[in-house]
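Shown next, in structure tokens, is the structure this report addresses.
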Amino acid sequence: MVIPVFDVDKKVLRKPTYEELKEIVYAITSLVDIGFVTTYKSIASILDIHPRLVARILKENEKPIIIPCHRVIRSNRDISGYSLGGRVIKRKLLEIEGVVIDNNDKVDKKHVIDISELLNDR
């Protein structure tokens with residue numbers, strides 16, 4: 001089940017609209033600290049949605065850097081694409097933030113966090 005939202009007018013819980021889901025994904029993404037990344041799959045699992053939907057939502061991000069979508073990678077630790085300049089720019093942003101990336105564009109495991117663990121820590 002997708003995380004419910006409270007409809008104030010109807011006083012019931014309901015599925016979020018696409019726009020509300022975008023805001024939820026953006027809020028979760030904003031929790032990832034500098035020097036760390038999480039995965040599309042990790043975000044998707046707590047929302048009970050497909051990782052490709054998370055990727056699609058982040059691709060539509062109109063405030064890159066502010067909403068740090070560059071801190072979300074594939075579950076195989078590949079940095080994947082980035083709508084603001086591609087993989088080269090994404091890699092550079094992550095390296096500036098202290099994330100270690102190998103020659104095959106794979107993020108070092110010590111920089112990858114499970115978003116559900118992060119939420120439990122806060």
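All residue names refer to the structure tokens as shown: chains lettered A, B, ... in order, residues numbered from 1 in each chain, ligands numbered from 1 in order.
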
Handout entry: helix (DSSP H, G or I) per DSSP on the backbone: members of chain A, as an MDAnalysis selection string
Key = chainID A and resid 18:29 40:47 51:59 69:71 86:96 109:111 115:121

Using backbone DSSP assignments, extract all strand (DSSP E) residues from range 2-93 of chain A; output them as a CSV table (one decimal) with C-alpha atoms, in the first residue's frame.
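So the final result, stored in part-v6.csv, reads:
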chain,number,residue,atom,x,y,z
A,5,VAL,CA,-2.3,11.1,3.1
A,6,PHE,CA,-5.0,12.7,5.1
A,7,ASP,CA,-7.7,14.4,3.2
A,12,VAL,CA,-10.2,10.3,5.5
A,13,LEU,CA,-6.9,8.7,4.6
A,14,ARG,CA,-6.4,8.2,0.8
A,38,THR,CA,20.5,6.2,-1.3
A,39,THR,CA,18.8,4.1,-4.0
A,72,VAL,CA,19.9,8.8,-5.5
A,73,ILE,CA,21.5,5.9,-7.4

Handout entry: Near-range 91-105 of chain A list (9 Å; only C-alpha atoms; drop same-chain fewer than 6 positions) as a VMD selection string
Key = chain A and resid 34 to 37 65 70 to 71 77 to 80 111

Problem - CA of Lys90 in chain A to CA of Leu58 in chain A, straight-line distance in Å - result: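 Answer for the CA of Leu58 in chain A to CA of Lys90 in chain A separation: 13.1 Å.
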
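The interatomic distance for the pair CA of Gly81 in chain A and CA of Cys69 in chain A works out to 10.3 Å.
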
Exercise for the section: Write out as a ChimeraX atom specification each polymer residue whose atoms come within 12 Å of Ile3 in chain A, counting only C-alpha atoms; drop sequence neighbours fewer than 6 positions from it. Expected result: /A:13-17,20-21,24-25,43-49

Store the residues of this selection in a file with C-alpha atoms, as a PDB file, in the first residue's frame.
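Output file out-v4.pdb follows:
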ATOM      1  CA  LEU A  13      -6.920   8.655   4.573  1.00  0.00           C
ATOM      2  CA  ARG A  14      -6.428   8.179   0.838  1.00  0.00           C
ATOM      3  CA  LYS A  15      -3.756   7.425  -1.718  1.00  0.00           C
ATOM      4  CA  PRO A  16      -1.676  10.460  -2.623  1.00  0.00           C
ATOM      5  CA  THR A  17      -2.109  12.169  -5.953  1.00  0.00           C
ATOM      6  CA  GLU A  20       1.585  14.719  -3.532  1.00  0.00           C
ATOM      7  CA  LEU A  21       3.710  11.641  -4.190  1.00  0.00           C
ATOM      8  CA  ILE A  24       6.869  12.954  -0.526  1.00  0.00           C
ATOM      9  CA  VAL A  25       9.720  11.618  -2.704  1.00  0.00           C
ATOM     10  CA  ILE A  43      12.909   5.036  -1.461  1.00  0.00           C
ATOM     11  CA  ALA A  44      10.421   2.933  -3.427  1.00  0.00           C
ATOM     12  CA  SER A  45      10.281   0.221  -0.788  1.00  0.00           C
ATOM     13  CA  ILE A  46       9.164   2.534   2.012  1.00  0.00           C
ATOM     14  CA  LEU A  47       6.501   4.058  -0.247  1.00  0.00           C
ATOM     15  CA  ASP A  48       5.467   0.720  -1.777  1.00  0.00           C
ATOM     16  CA  ILE A  49       5.934   1.993  -5.317  1.00  0.00           C
TER      17      ILE A  49
END

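Between Ser30 in chain A and the candidates A:Ser42, A:Ile67, A:Val112, A:Pro4, the tightest atom-to-atom separation, counting only C-alpha atoms, involves A:Ile67.
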
Problem - Residues within 12 Å of Glu62 in chain A, only C-alpha atoms, excluding chain neighbours under 5 positions, as a ChimeraX atom specification - result: /A:22-23,26,57,67-69,83-84

Exercise for the section: Using only C-alpha atoms, find the one residue out of A:Val32, A:His50, A:Glu60, A:Leu119 that sits nearest to Glu19 in chain A. Expected result: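 Of A:Val32, A:His50, A:Glu60, A:Leu119, the one nearest Glu19 in chain A is A:Glu60, counting only C-alpha atoms.
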
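One distance worth recording is that between CA of Ile28 in chain A and CA of Asp114 in chain A, which is 11.5 Å.
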